[in-house]
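Dropping start.pdb in here (PDB, C-alpha atoms, pLDDT in the B column):
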```
ATOM      1  CA  MET A   1      88.162  91.654  67.426  1.00 51.00           C
ATOM      2  CA  GLY A   2      90.241  90.766  64.455  1.00 54.00           C
ATOM      3  CA  SER A   3      93.502  88.888  64.530  1.00 54.00           C
ATOM      4  CA  ASP A   4      95.367  91.576  62.628  1.00 64.00           C
ATOM      5  CA  ILE A   5      95.792  93.653  65.809  1.00 72.00           C
ATOM      6  CA  TRP A   6      97.997  91.104  67.555  1.00 76.00           C
ATOM      7  CA  VAL A   7     101.536  90.474  66.486  1.00 76.00           C
ATOM      8  CA  GLY A   8     102.754  86.905  66.632  1.00 80.00           C
ATOM      9  CA  PRO A   9     101.020  83.862  68.136  1.00 82.00           C
ATOM     10  CA  TRP A  10     100.369  85.519  71.551  1.00 78.00           C
ATOM     11  CA  ARG A  11      96.714  86.145  72.446  1.00 80.00           C
ATOM     12  CA  PRO A  12      95.133  87.395  75.683  1.00 78.00           C
ATOM     13  CA  HIS A  13      94.504  84.510  78.099  1.00 78.00           C
ATOM     14  CA  ARG A  14      94.138  83.851  81.809  1.00 77.00           C
ATOM     15  CA  PRO A  15      97.413  83.279  83.662  1.00 76.00           C
ATOM     16  CA  ARG A  16      98.185  79.686  84.569  1.00 80.00           C
ATOM     17  CA  GLY A  17      99.445  80.630  88.048  1.00 78.00           C
ATOM     18  CA  PRO A  18      99.298  83.587  90.436  1.00 75.00           C
ATOM     19  CA  ILE A  19     101.316  86.610  89.388  1.00 73.00           C
ATOM     20  CA  ALA A  20     102.209  89.742  91.345  1.00 68.00           C
ATOM     21  CA  ALA A  21      99.981  91.940  89.163  1.00 66.00           C
ATOM     22  CA  LEU A  22      96.863  90.181  90.519  1.00 69.00           C
ATOM     23  CA  TYR A  23      97.528  91.320  94.082  1.00 68.00           C
ATOM     24  CA  LYS A  24      97.361  94.852  95.417  1.00 67.00           C
ATOM     25  CA  GLY A  25     100.339  95.951  97.485  1.00 65.00           C
ATOM     26  CA  PRO A  26     101.034  99.132  99.457  1.00 65.00           C
ATOM     27  CA  GLY A  27     103.166 100.472  96.598  1.00 61.00           C
ATOM     28  CA  PRO A  28     106.227 102.640  97.224  1.00 60.00           C
ATOM     29  CA  LYS A  29     105.156 103.147 100.790  1.00 60.00           C
ATOM     30  CA  TYR A  30     107.996 101.051 102.123  1.00 65.00           C
ATOM     31  CA  GLN A  31     111.517 102.235 101.425  1.00 76.00           C
ATOM     32  CA  LEU A  32     114.960 101.205 102.512  1.00 81.00           C
ATOM     33  CA  PRO A  33     116.650 103.210 105.252  1.00 85.00           C
ATOM     34  CA  PRO A  34     119.160 105.777 103.976  1.00 85.00           C
ATOM     35  CA  ASN A  35     122.914 105.293 104.128  1.00 86.00           C
ATOM     36  CA  THR A  36     123.589 108.974 104.710  1.00 84.00           C
ATOM     37  CA  GLY A  37     123.071 111.021 107.823  1.00 82.00           C
ATOM     38  CA  TYR A  38     123.046 110.009 111.437  1.00 82.00           C
ATOM     39  CA  THR A  39     119.328 109.652 112.177  1.00 83.00           C
ATOM     40  CA  LEU A  40     117.465 106.587 110.813  1.00 85.00           C
ATOM     41  CA  HIS A  41     120.640 105.211 109.286  1.00 88.00           C
ATOM     42  CA  ASP A  42     120.713 101.713 107.828  1.00 89.00           C
ATOM     43  CA  PRO A  43     121.801  99.418 110.689  1.00 87.00           C
ATOM     44  CA  SER A  44     123.479  97.005 108.254  1.00 89.00           C
ATOM     45  CA  ARG A  45     125.849  99.701 106.955  1.00 89.00           C
ATOM     46  CA  PRO A  46     128.725 101.396 108.796  1.00 89.00           C
ATOM     47  CA  ARG A  47     127.918 104.851 110.086  1.00 89.00           C
ATOM     48  CA  ALA A  48     130.569 107.542 110.336  1.00 86.00           C
ATOM     49  CA  PRO A  49     130.668 109.921 113.298  1.00 84.00           C
ATOM     50  CA  ALA A  50     128.622 113.084 112.904  1.00 80.00           C
ATOM     51  CA  PHE A  51     129.629 116.477 114.237  1.00 80.00           C
ATOM     52  CA  THR A  52     127.551 119.606 114.613  1.00 78.00           C
ATOM     53  CA  PHE A  53     128.525 123.260 114.462  1.00 80.00           C
ATOM     54  CA  GLY A  54     127.553 125.053 117.616  1.00 79.00           C
ATOM     55  CA  ALA A  55     125.957 128.464 117.615  1.00 81.00           C
ATOM     56  CA  ARG A  56     128.013 131.536 118.359  1.00 81.00           C
ATOM     57  CA  LEU A  57     127.661 132.493 121.989  1.00 79.00           C
ATOM     58  CA  PRO A  58     126.653 136.071 122.760  1.00 78.00           C
ATOM     59  CA  ARG A  59     129.401 138.360 123.979  1.00 76.00           C
ATOM     60  CA  PRO A  60     129.139 139.011 127.701  1.00 70.00           C
ATOM     61  CA  GLN A  61     127.912 142.511 128.482  1.00 67.00           C
ATOM     62  CA  THR A  62     130.485 143.223 131.192  1.00 66.00           C
ATOM     63  CA  SER A  63     132.812 146.209 131.360  1.00 65.00           C
ATOM     64  CA  CYS A  64     136.449 146.147 132.358  1.00 67.00           C
ATOM     65  CA  GLY A  65     136.236 149.096 134.708  1.00 68.00           C
ATOM     66  CA  PRO A  66     133.779 151.083 136.749  1.00 70.00           C
ATOM     67  CA  GLY A  67     133.866 153.974 134.269  1.00 70.00           C
ATOM     68  CA  PRO A  68     134.495 157.679 134.730  1.00 70.00           C
ATOM     69  CA  SER A  69     131.751 157.992 137.333  1.00 71.00           C
ATOM     70  CA  HIS A  70     133.871 156.137 139.897  1.00 74.00           C
ATOM     71  CA  LEU A  71     135.719 158.649 142.105  1.00 77.00           C
ATOM     72  CA  VAL A  72     139.095 157.479 143.353  1.00 77.00           C
ATOM     73  CA  PRO A  73     140.275 159.300 146.504  1.00 79.00           C
ATOM     74  CA  SER A  74     143.392 161.349 146.155  1.00 80.00           C
ATOM     75  CA  GLY A  75     146.604 159.772 147.416  1.00 80.00           C
ATOM     76  CA  THR A  76     145.605 156.228 146.404  1.00 83.00           C
ATOM     77  CA  THR A  77     148.018 154.135 144.409  1.00 84.00           C
ATOM     78  CA  VAL A  78     147.853 150.614 142.997  1.00 82.00           C
ATOM     79  CA  ARG A  79     149.312 149.299 146.267  1.00 83.00           C
ATOM     80  CA  GLY A  80     146.960 151.179 148.531  1.00 81.00           C
ATOM     81  CA  PRO A  81     146.818 154.649 150.078  1.00 80.00           C
ATOM     82  CA  ASP A  82     150.040 156.665 149.802  1.00 82.00           C
ATOM     83  CA  GLY A  83     151.526 158.130 153.021  1.00 80.00           C
ATOM     84  CA  ALA A  84     153.535 157.425 156.197  1.00 80.00           C
ATOM     85  CA  PRO A  85     152.388 154.693 158.586  1.00 78.00           C
ATOM     86  CA  ALA A  86     150.004 155.988 161.243  1.00 77.00           C
ATOM     87  CA  TYR A  87     149.508 154.465 164.679  1.00 80.00           C
ATOM     88  CA  SER A  88     146.834 154.908 167.275  1.00 81.00           C
ATOM     89  CA  ILE A  89     147.046 154.639 171.068  1.00 84.00           C
ATOM     90  CA  TYR A  90     144.454 152.437 172.737  1.00 82.00           C
ATOM     91  CA  GLY A  91     143.753 151.942 176.426  1.00 80.00           C
ATOM     92  CA  ARG A  92     145.230 149.035 178.417  1.00 79.00           C
ATOM     93  CA  LEU A  93     143.095 145.960 178.381  1.00 76.00           C
ATOM     94  CA  ARG A  94     141.730 144.775 181.697  1.00 74.00           C
ATOM     95  CA  HIS A  95     141.917 141.036 182.299  1.00 68.00           C
ATOM     96  CA  SER A  96     138.790 139.410 183.587  1.00 69.00           C
ATOM     97  CA  MET A  97     140.727 136.876 185.733  1.00 74.00           C
ATOM     98  CA  PRO A  98     144.248 137.129 187.228  1.00 73.00           C
ATOM     99  CA  PHE A  99     146.993 134.881 185.874  1.00 73.00           C
ATOM    100  CA  ARG A 100     147.447 131.654 187.830  1.00 80.00           C
ATOM    101  CA  THR A 101     150.502 130.361 186.003  1.00 84.00           C
ATOM    102  CA  PRO A 102     153.060 128.953 188.475  1.00 86.00           C
ATOM    103  CA  GLY A 103     156.335 130.801 188.685  1.00 85.00           C
ATOM    104  CA  PRO A 104     159.898 129.422 188.534  1.00 86.00           C
ATOM    105  CA  GLY A 105     159.949 128.743 192.264  1.00 86.00           C
ATOM    106  CA  LYS A 106     157.124 126.258 192.066  1.00 88.00           C
ATOM    107  CA  TYR A 107     159.134 123.637 190.141  1.00 86.00           C
ATOM    108  CA  TYR A 108     161.404 121.008 191.836  1.00 86.00           C
ATOM    109  CA  PRO A 109     163.595 119.293 189.204  1.00 82.00           C
ATOM    110  CA  GLU A 110     165.425 117.201 191.808  1.00 82.00           C
ATOM    111  CA  ARG A 111     162.283 115.320 192.615  1.00 83.00           C
ATOM    112  CA  ALA A 112     161.874 114.017 189.082  1.00 82.00           C
ATOM    113  CA  GLY A 113     163.657 110.738 189.964  1.00 79.00           C
ATOM    114  CA  ASN A 114     164.059 108.054 187.295  1.00 78.00           C
ATOM    115  CA  THR A 115     161.837 109.990 184.915  1.00 78.00           C
ATOM    116  CA  ALA A 116     164.478 112.643 184.239  1.00 80.00           C
ATOM    117  CA  TYR A 117     167.709 110.905 185.347  1.00 80.00           C
ATOM    118  CA  PRO A 118     169.192 107.597 184.087  1.00 82.00           C
ATOM    119  CA  SER A 119     169.201 104.680 186.575  1.00 81.00           C
ATOM    120  CA  ALA A 120     170.083 100.937 186.664  1.00 83.00           C
ATOM    121  CA  PRO A 121     167.309  98.404 185.979  1.00 83.00           C
ATOM    122  CA  ARG A 122     165.398  97.182 188.982  1.00 81.00           C
ATOM    123  CA  HIS A 123     163.452  93.944 189.284  1.00 81.00           C
ATOM    124  CA  THR A 124     160.858  92.834 191.805  1.00 79.00           C
ATOM    125  CA  MET A 125     159.528  89.391 192.735  1.00 78.00           C
ATOM    126  CA  ALA A 126     155.765  89.348 192.809  1.00 70.00           C
ATOM    127  CA  SER A 127     153.566  86.731 194.402  1.00 70.00           C
ATOM    128  CA  ARG A 128     152.194  83.741 192.485  1.00 67.00           C
ATOM    129  CA  ASN A 129     149.154  84.346 190.261  1.00 63.00           C
ATOM    130  CA  TRP A 130     149.717  88.025 190.452  1.00 56.00           C
ATOM    131  CA  GLY A 131     147.201  89.869 188.299  1.00 55.00           C
ATOM    132  CA  VAL A 132     144.920  86.813 187.881  1.00 57.00           C
ATOM    133  CA  HIS A 133     141.451  86.665 189.351  1.00 56.00           C
ATOM    134  CA  SER A 134     140.919  84.364 192.249  1.00 59.00           C
ATOM    135  CA  LYS A 135     137.912  82.716 190.551  1.00 65.00           C
ATOM    136  CA  GLN A 136     138.706  80.734 187.427  1.00 65.00           C
ATOM    137  CA  GLN A 137     136.549  81.986 184.555  1.00 74.00           C
ATOM    138  CA  SER A 138     137.923  79.883 181.712  1.00 80.00           C
ATOM    139  CA  PRO A 139     135.780  76.820 180.813  1.00 81.00           C
ATOM    140  CA  GLY A 140     137.317  73.470 181.679  1.00 81.00           C
ATOM    141  CA  PRO A 141     137.406  70.253 179.630  1.00 81.00           C
ATOM    142  CA  GLY A 142     134.097  69.064 181.069  1.00 82.00           C
ATOM    143  CA  THR A 143     132.262  72.074 179.701  1.00 84.00           C
ATOM    144  CA  TYR A 144     132.591  70.971 176.089  1.00 82.00           C
ATOM    145  CA  SER A 145     130.341  68.166 174.876  1.00 81.00           C
ATOM    146  CA  LEU A 146     130.984  66.304 171.639  1.00 79.00           C
ATOM    147  CA  PRO A 147     128.031  65.421 169.387  1.00 77.00           C
ATOM    148  CA  SER A 148     126.752  61.892 169.508  1.00 78.00           C
ATOM    149  CA  GLN A 149     128.042  59.437 166.897  1.00 77.00           C
ATOM    150  CA  LEU A 150     124.902  57.290 167.043  1.00 77.00           C
ATOM    151  CA  GLY A 151     121.548  57.886 165.418  1.00 75.00           C
ATOM    152  CA  PRO A 152     120.463  59.663 162.238  1.00 76.00           C
ATOM    153  CA  ARG A 153     121.640  63.124 163.272  1.00 77.00           C
ATOM    154  CA  VAL A 154     125.409  62.724 163.188  1.00 79.00           C
ATOM    155  CA  VAL A 155     127.383  65.867 162.410  1.00 78.00           C
ATOM    156  CA  GLY A 156     129.871  65.346 159.583  1.00 79.00           C
ATOM    157  CA  LYS A 157     129.167  61.598 159.249  1.00 80.00           C
ATOM    158  CA  VAL A 158     127.005  59.498 156.959  1.00 80.00           C
ATOM    159  CA  SER A 159     124.422  57.762 159.141  1.00 78.00           C
ATOM    160  CA  ALA A 160     122.812  54.444 158.336  1.00 76.00           C
ATOM    161  CA  PRO A 161     119.034  54.187 158.003  1.00 78.00           C
ATOM    162  CA  THR A 162     117.245  53.815 161.325  1.00 78.00           C
ATOM    163  CA  TYR A 163     114.013  51.999 161.962  1.00 80.00           C
ATOM    164  CA  SER A 164     111.644  52.067 164.883  1.00 80.00           C
ATOM    165  CA  ILE A 165     109.342  49.315 166.129  1.00 82.00           C
ATOM    166  CA  TYR A 166     105.807  50.369 166.978  1.00 80.00           C
ATOM    167  CA  GLY A 167     103.225  48.451 168.923  1.00 78.00           C
ATOM    168  CA  ARG A 168     100.733  46.169 167.278  1.00 78.00           C
ATOM    169  CA  SER A 169      97.620  47.962 166.062  1.00 78.00           C
ATOM    170  CA  ALA A 170      94.198  46.599 167.011  1.00 76.00           C
ATOM    171  CA  VAL A 171      92.643  47.703 163.726  1.00 77.00           C
ATOM    172  CA  GLY A 172      92.613  44.853 161.216  1.00 75.00           C
ATOM    173  CA  SER A 173      94.058  42.306 163.631  1.00 77.00           C
ATOM    174  CA  CYS A 174      92.510  39.337 165.350  1.00 76.00           C
ATOM    175  CA  PHE A 175      91.934  41.403 168.459  1.00 75.00           C
ATOM    176  CA  GLN A 176      89.571  43.825 166.696  1.00 78.00           C
ATOM    177  CA  ASP A 177      85.979  43.682 167.901  1.00 79.00           C
ATOM    178  CA  LEU A 178      83.933  43.454 164.715  1.00 77.00           C
ATOM    179  CA  SER A 179      80.702  43.966 166.621  1.00 79.00           C
ATOM    180  CA  LYS A 180      81.574  47.634 167.066  1.00 79.00           C
ATOM    181  CA  THR A 181      81.910  48.323 163.323  1.00 79.00           C
ATOM    182  CA  PRO A 182      79.144  50.432 161.732  1.00 80.00           C
ATOM    183  CA  GLY A 183      76.394  48.493 159.975  1.00 80.00           C
ATOM    184  CA  PRO A 184      74.504  49.270 156.764  1.00 82.00           C
ATOM    185  CA  CYS A 185      72.040  51.531 158.595  1.00 83.00           C
ATOM    186  CA  ALA A 186      74.828  53.795 159.782  1.00 83.00           C
ATOM    187  CA  TYR A 187      75.410  55.090 156.239  1.00 84.00           C
ATOM    188  CA  HIS A 188      72.985  57.618 154.747  1.00 85.00           C
ATOM    189  CA  VAL A 189      71.860  57.467 151.161  1.00 87.00           C
ATOM    190  CA  VAL A 190      73.667  60.080 149.086  1.00 88.00           C
ATOM    191  CA  SER A 191      71.419  62.340 147.078  1.00 87.00           C
ATOM    192  CA  PRO A 192      71.737  61.789 143.288  1.00 88.00           C
ATOM    193  CA  GLY A 193      72.104  65.546 142.858  1.00 87.00           C
ATOM    194  CA  VAL A 194      75.603  65.293 144.350  1.00 87.00           C
ATOM    195  CA  TYR A 195      77.128  63.092 141.638  1.00 90.00           C
ATOM    196  CA  LYS A 196      74.582  63.678 138.825  1.00 91.00           C
ATOM    197  CA  THR A 197      72.970  66.652 137.142  1.00 90.00           C
ATOM    198  CA  ARG A 198      70.522  68.010 139.656  1.00 87.00           C
ATOM    199  CA  ALA A 199      66.968  68.647 138.445  1.00 87.00           C
ATOM    200  CA  PRO A 200      65.272  71.975 139.139  1.00 87.00           C
ATOM    201  CA  GLN A 201      63.563  72.248 142.505  1.00 86.00           C
ATOM    202  CA  PHE A 202      60.481  74.257 143.289  1.00 86.00           C
ATOM    203  CA  SER A 203      58.931  75.263 146.545  1.00 86.00           C
ATOM    204  CA  MET A 204      55.279  76.090 147.425  1.00 86.00           C
ATOM    205  CA  LEU A 205      54.817  79.241 149.436  1.00 83.00           C
ATOM    206  CA  ALA A 206      51.962  79.940 151.756  1.00 82.00           C
ATOM    207  CA  ARG A 207      48.893  81.894 150.661  1.00 76.00           C
ATOM    208  CA  THR A 208      49.439  85.617 150.822  1.00 76.00           C
ATOM    209  CA  SER A 209      47.105  87.668 152.973  1.00 75.00           C
ATOM    210  CA  LEU A 210      44.749  90.258 151.547  1.00 73.00           C
ATOM    211  CA  PRO A 211      45.733  93.918 151.921  1.00 69.00           C
ATOM    212  CA  GLN A 212      44.267  95.419 155.048  1.00 74.00           C
ATOM    213  CA  ASP A 213      44.490  99.051 153.930  1.00 74.00           C
ATOM    214  CA  SER A 214      41.569 101.119 152.559  1.00 76.00           C
ATOM    215  CA  SER A 215      43.238 102.053 149.246  1.00 75.00           C
ATOM    216  CA  LEU A 216      41.142 102.051 146.057  1.00 78.00           C
ATOM    217  CA  ASN A 217      42.678  99.375 143.918  1.00 80.00           C
ATOM    218  CA  PRO A 218      41.304  98.580 140.454  1.00 81.00           C
ATOM    219  CA  GLY A 219      39.271  95.419 140.203  1.00 81.00           C
ATOM    220  CA  PRO A 220      39.010  92.879 137.379  1.00 81.00           C
ATOM    221  CA  ALA A 221      36.288  94.937 135.657  1.00 82.00           C
ATOM    222  CA  ALA A 222      38.623  97.932 135.331  1.00 84.00           C
ATOM    223  CA  TYR A 223      40.718  96.142 132.702  1.00 81.00           C
ATOM    224  CA  HIS A 224      39.534  95.955 129.091  1.00 79.00           C
ATOM    225  CA  VAL A 225      41.147  92.922 127.611  1.00 76.00           C
ATOM    226  CA  GLY A 226      39.183  92.908 124.377  1.00 74.00           C
ATOM    227  CA  GLN A 227      40.212  96.359 123.228  1.00 73.00           C
ATOM    228  CA  ASP A 228      43.128  96.639 120.873  1.00 72.00           C
ATOM    229  CA  ARG A 229      46.027  98.743 121.940  1.00 71.00           C
ATOM    230  CA  LYS A 230      46.403 101.963 119.975  1.00 71.00           C
ATOM    231  CA  PRO A 231      49.737 102.100 118.166  1.00 69.00           C
ATOM    232  CA  ARG A 232      52.162 104.861 118.950  1.00 73.00           C
ATOM    233  CA  GLY A 233      51.907 107.978 116.776  1.00 71.00           C
ATOM    234  CA  TRP A 234      54.079 110.960 116.093  1.00 73.00           C
ATOM    235  CA  SER A 235      53.063 114.564 115.474  1.00 70.00           C
ATOM    236  CA  PHE A 236      54.818 117.527 113.905  1.00 70.00           C
ATOM    237  CA  GLY A 237      55.414 120.330 116.376  1.00 68.00           C
ATOM    238  CA  ILE A 238      55.388 124.067 115.750  1.00 65.00           C
ATOM    239  CA  ARG A 239      58.642 125.742 114.841  1.00 63.00           C
ATOM    240  CA  HIS A 240      59.500 128.444 117.353  1.00 60.00           C
ATOM    241  CA  SER A 241      61.740 131.414 116.768  1.00 56.00           C
ATOM    242  CA  GLU A 242      65.137 131.395 118.482  1.00 58.00           C
ATOM    243  CA  TYR A 243      64.711 135.068 119.362  1.00 53.00           C
ATOM    244  CA  GLN A 244      61.310 134.708 121.060  1.00 57.00           C
ATOM    245  CA  ALA A 245      61.485 135.379 124.785  1.00 59.00           C
ATOM    246  CA  PRO A 246      59.819 132.812 127.115  1.00 64.00           C
ATOM    247  CA  PHE A 247      56.486 133.702 128.626  1.00 67.00           C
ATOM    248  CA  VAL A 248      57.023 134.486 132.317  1.00 67.00           C
ATOM    249  CA  THR A 249      54.087 135.029 134.649  1.00 71.00           C
ATOM    250  CA  ASP A 250      53.863 136.404 138.166  1.00 72.00           C
ATOM    251  CA  ALA A 251      53.656 132.889 139.555  1.00 70.00           C
ATOM    252  CA  ASN A 252      57.115 132.093 138.248  1.00 64.00           C
TER     253      ASN A 252
END
```
structure tokens encoding of this file:
Amino acid sequence: MGSDIWVGPWRPHRPRGPIAALYKGPGPKYQLPPNTGYTLHDPSRPRAPAFTFGARLPRPQTSCGPGPSHLVPSGTTVRGPDGAPAYSIYGRLRHSMPFRTPGPGKYYPERAGNTAYPSAPRHTMASRNWGVHSKQQSPGPGTYSLPSQLGPRVVGKVSAPTYSIYGRSAVGSCFQDLSKTPGPCAYHVVSPGVYKTRAPQFSMLARTSLPQDSSLNPGPAAYHVGQDRKPRGWSFGIRHSEYQAPFVTDAN
């Protein structure tokens, strides 16, 4: 290619560093969220309130009156039937039980006493402990017991540390009988498989018994070890018609 095609000192060459044209991106697949509308609005921009126009509701199919088919009786006004008041005569009611209300002669107002008439105050002197039970039911001073102020369990106080003195133990002291300690023979040898990688273990079973049945089992001469095994083969079948009915015999 001649040099007269290129203008200036620039010639095609490999870029010195990575440029965006060498990499394939998703293209204009990604886009910024819109700033208009209410749905999928850009969260970094203020969004104005959105209002919708509701649909026109259908007019109710109700009538204001019953129509001409409704027959209004004659003599009826807007306040009810027109005419003079009419009364009816009913029979006297019979009471199920006679009245037991006391009459005026059953009351004695003069016996009301201080309830109905004013009177001077009157005082009485009752006996001692009037209205109090004979047996005292209130707990006395000896019933209450204060918590102890000694020991580690003091309520509301900081207790000092407490120590206890136990008896001398015979183990490890001069009074211990060393002749009763276990000797070397009392300890069993630990198997190495406990703390090391255990080797595989095998067991020898007993000889199996011969079959006692009278079945005809093949012997060693029934097997032909020297013959080669015939490889598996495939065959082409016959194409059958989809409209051919199956052959059904009387035995089926």
**Request:** Enter the distance from CA of Val225 (chain A) to CA of Thr208 (chain A), in Å, rounded to one decimal.
**Result:** 25.7 Å
**Prompt:** Any idea what's packed within 12 Å of Arg45 (chain A), counting all atoms listed in the file, ignoring anything in its chain fewer than 6 positions away? Could you give it as a list in words?
**Reply:**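 What passes the distance filter is Leu32, Pro33, Pro34, Asn35, Thr36, Gly37 and Tyr38 of chain A.
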Take the residues from that selection and put them in a file with C-alpha atoms, as a PDB file, in the coordinates of the input.
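Result file is part-v6.pdb:
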```
ATOM      1  CA  LEU A  32     114.960 101.205 102.512  1.00 81.00           C
ATOM      2  CA  PRO A  33     116.650 103.210 105.252  1.00 85.00           C
ATOM      3  CA  PRO A  34     119.160 105.777 103.976  1.00 85.00           C
ATOM      4  CA  ASN A  35     122.914 105.293 104.128  1.00 86.00           C
ATOM      5  CA  THR A  36     123.589 108.974 104.710  1.00 84.00           C
ATOM      6  CA  GLY A  37     123.071 111.021 107.823  1.00 82.00           C
ATOM      7  CA  TYR A  38     123.046 110.009 111.437  1.00 82.00           C
TER       8      TYR A  38
END
```
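If you look at CA of Gly151 (chain A) and CA of Ser164 (chain A), they are 11.5 Å away from each other.
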